[in-house]
Amino acid sequence: NGRYKWIVFLPSRTHPGIPVLNRYYGVLEEGQIKVRGIEARRADTPQFISNAQIDMIKALSKASNAREFREKIPESLKVLRRHVNRLVDHEVSLDQLIITNQLSKRADRYSNKVFQAIAAQQLMKEGIEISAGQTVRYIITDADERRPDRKVKAAELTTQDTRYDAKKYLDLLLAAASNILSPFGYSDEKLRDEVLQLEEQKLLK
């Protein structure tokens, strides 16, 4: 286990005011980062977002105490801004943005067009067998598109021309960032204000 230089317990998802023991990140005295219950540990989180979250924690990991930790938050936001720029400028490779979800039932049994069911149906159209319990990998291409088939693309069917939905991935990135900084007053909205100015304009073009 080892001794921690510092550890941040994150609030419960159901009771946001109450920190819980199974959601935290911290740094051991020898510098090793430990995380639990955050996006970087989840199998369905795109690699790009896991990396961004860990990079933010690495910036904070140089702190030795609570005061230094707070002084490092602007550096952590700088790291976030770098990842935001890459995302908005479409410089992130598709393999870093793949989302992996398990099908809880057969793809045609979903009444709601959830992303994993849409991706599974795309694969089935190509003659690939997909059954309940299997995992499906996909890229979000246009979350707001009304036609389900255009919302996502099964990872196996992407081409060089496939473009990702930077706006939607930005939402996921800011949610992961605010998750680790929420005990210090950073909501998704506050991060959006601090980190996005020019980037928002690029997205709206």
# chains A, B, ... in the order shown; residues from 1 in each chain; ligands from 1
>>> residues_around(residues="segment 166-176 of chain A", least_positions_apart="3", cutoff="6 Å", atoms="only C-alpha atoms", output="PyMOL selection string")
chain A and resi 49+88+179+188
>>> residues_around(residues="segment 65-73 of chain A", least_positions_apart="6", cutoff="7 Å", atoms="only C-alpha atoms", output="PyMOL selection string")
chain A and resi 5-6+59
>>> closest_residue(among="A:Lys62, A:Arg106, A:Lys125, A:Arg36", to="Tyr24 of chain A", atoms="only C-alpha atoms")
A:Arg36
>>> closest_residue(among="A:Arg146, A:Lys153, A:Arg42, A:Lys58", to="Gln122 of chain A", atoms="only C-alpha atoms")
A:Lys153
>>> select_by_dssp(residues="segment 24-197 of chain A", states="strand (DSSP E)", output="JSON, numbers by chain")
{"A": [24, 25, 26, 27, 28, 33, 34, 35, 36, 99, 100, 101, 102, 135, 136, 137, 138, 139, 140, 152, 153, 154]}
>>> residues_around(residues="segment 158-160 of chain A", least_positions_apart="6", cutoff="9 Å", atoms="only C-alpha atoms", output="PDB file with N, CA, C and O atoms, in the first residue's frame")
ATOM      1  N   LEU A  94      -8.312   8.187 -34.528  1.00  0.00           N
ATOM      2  CA  LEU A  94      -9.570   7.502 -34.217  1.00  0.00           C
ATOM      3  C   LEU A  94      -9.378   6.381 -33.192  1.00  0.00           C
ATOM      4  O   LEU A  94     -10.227   6.180 -32.335  1.00  0.00           O
ATOM      5  N   TYR A 138     -16.868   1.468 -30.990  1.00  0.00           N
ATOM      6  CA  TYR A 138     -17.367   2.446 -31.961  1.00  0.00           C
ATOM      7  C   TYR A 138     -16.768   3.833 -31.712  1.00  0.00           C
ATOM      8  O   TYR A 138     -16.205   4.109 -30.655  1.00  0.00           O
ATOM      9  N   ILE A 139     -16.918   4.674 -32.734  1.00  0.00           N
ATOM     10  CA  ILE A 139     -16.534   6.093 -32.689  1.00  0.00           C
ATOM     11  C   ILE A 139     -17.819   6.909 -32.768  1.00  0.00           C
ATOM     12  O   ILE A 139     -18.703   6.585 -33.567  1.00  0.00           O
TER      13      ILE A 139
END
>>> atom_distance(atom1="atom CA of Ile18 of chain A", atom2="atom CA of Ser50 of chain A")
24.2 Å
>>> closest_residue(among="A:Arg3, A:Arg41, A:His90, A:Lys78", to="Leu191 of chain A", atoms="only C-alpha atoms")
A:Lys78
>>> select_by_dssp(residues="segment 26-106 of chain A", states="helix (DSSP H, G or I)", output="ChimeraX atom specification")
/A:39-41,47-60,66-88,94-96
>>> atom_distance(atom1="atom CA of Leu28 of chain A", atom2="atom CA of Ser187 of chain A")
26.6 Å
>>> closest_residue(among="A:Val136, A:Leu77, A:Ile57, A:Val84", to="Ser104 of chain A", atoms="only C-alpha atoms")
A:Val136
>>> closest_residue(among="A:Ser178, A:Ser61, A:Asn22, A:Gln102", to="Gln116 of chain A", atoms="only C-alpha atoms")
A:Gln102
>>> closest_residue(among="A:Asp44, A:Asp55, A:Asp89, A:Glu29", to="Asp165 of chain A", atoms="only C-alpha atoms")
A:Asp89
>>> atom_distance(atom1="atom CA of Gly31 of chain A", atom2="atom CA of Leu97 of chain A")
28.5 Å
>>> decode(residues="segment 135-147 of chain A", atoms="N, CA and C atoms", output="JSON list (two decimals), in the first residue's frame")
[["chain", "number", "residue", "atom", "x", "y", "z"],
["A", 135, "THR", "N", -18.88, -7.37, -26.60],
["A", 135, "THR", "CA", -18.55, -5.94, -26.54],
["A", 135, "THR", "C", -18.49, -5.39, -27.97],
["A", 136, "VAL", "N", -18.91, -4.15, -28.09],
["A", 136, "VAL", "CA", -18.93, -3.47, -29.38],
["A", 136, "VAL", "C", -18.06, -2.22, -29.26],
["A", 137, "ARG", "N", -17.26, -1.95, -30.29],
["A", 137, "ARG", "CA", -16.36, -0.80, -30.28],
["A", 137, "ARG", "C", -16.82, 0.19, -31.34],
["A", 138, "TYR", "N", -16.87, 1.47, -30.99],
["A", 138, "TYR", "CA", -17.37, 2.45, -31.96],
["A", 138, "TYR", "C", -16.77, 3.83, -31.71],
["A", 139, "ILE", "N", -16.92, 4.67, -32.73],
["A", 139, "ILE", "CA", -16.53, 6.09, -32.69],
["A", 139, "ILE", "C", -17.82, 6.91, -32.77],
["A", 140, "ILE", "N", -17.92, 7.96, -31.96],
["A", 140, "ILE", "CA", -19.07, 8.87, -32.10],
["A", 140, "ILE", "C", -18.76, 9.82, -33.25],
["A", 141, "THR", "N", -19.61, 9.79, -34.28],
["A", 141, "THR", "CA", -19.35, 10.60, -35.47],
["A", 141, "THR", "C", -20.22, 11.87, -35.50],
["A", 142, "ASP", "N", -21.46, 11.77, -35.01],
["A", 142, "ASP", "CA", -22.33, 12.95, -34.93],
["A", 142, "ASP", "C", -23.48, 12.65, -33.97],
["A", 143, "ALA", "N", -23.27, 12.96, -32.71],
["A", 143, "ALA", "CA", -24.24, 12.58, -31.67],
["A", 143, "ALA", "C", -25.61, 13.23, -31.89],
["A", 144, "ASP", "N", -25.65, 14.40, -32.55],
["A", 144, "ASP", "CA", -26.92, 15.12, -32.73],
["A", 144, "ASP", "C", -27.65, 14.75, -34.02],
["A", 145, "GLU", "N", -27.03, 13.93, -34.84],
["A", 145, "GLU", "CA", -27.65, 13.52, -36.11],
["A", 145, "GLU", "C", -28.95, 12.77, -35.83],
["A", 146, "ARG", "N", -29.99, 13.08, -36.57],
["A", 146, "ARG", "CA", -31.29, 12.44, -36.33],
["A", 146, "ARG", "C", -31.30, 10.99, -36.81],
["A", 147, "ARG", "N", -30.58, 10.72, -37.88],
["A", 147, "ARG", "CA", -30.56, 9.34, -38.39],
["A", 147, "ARG", "C", -29.56, 8.52, -37.56]]
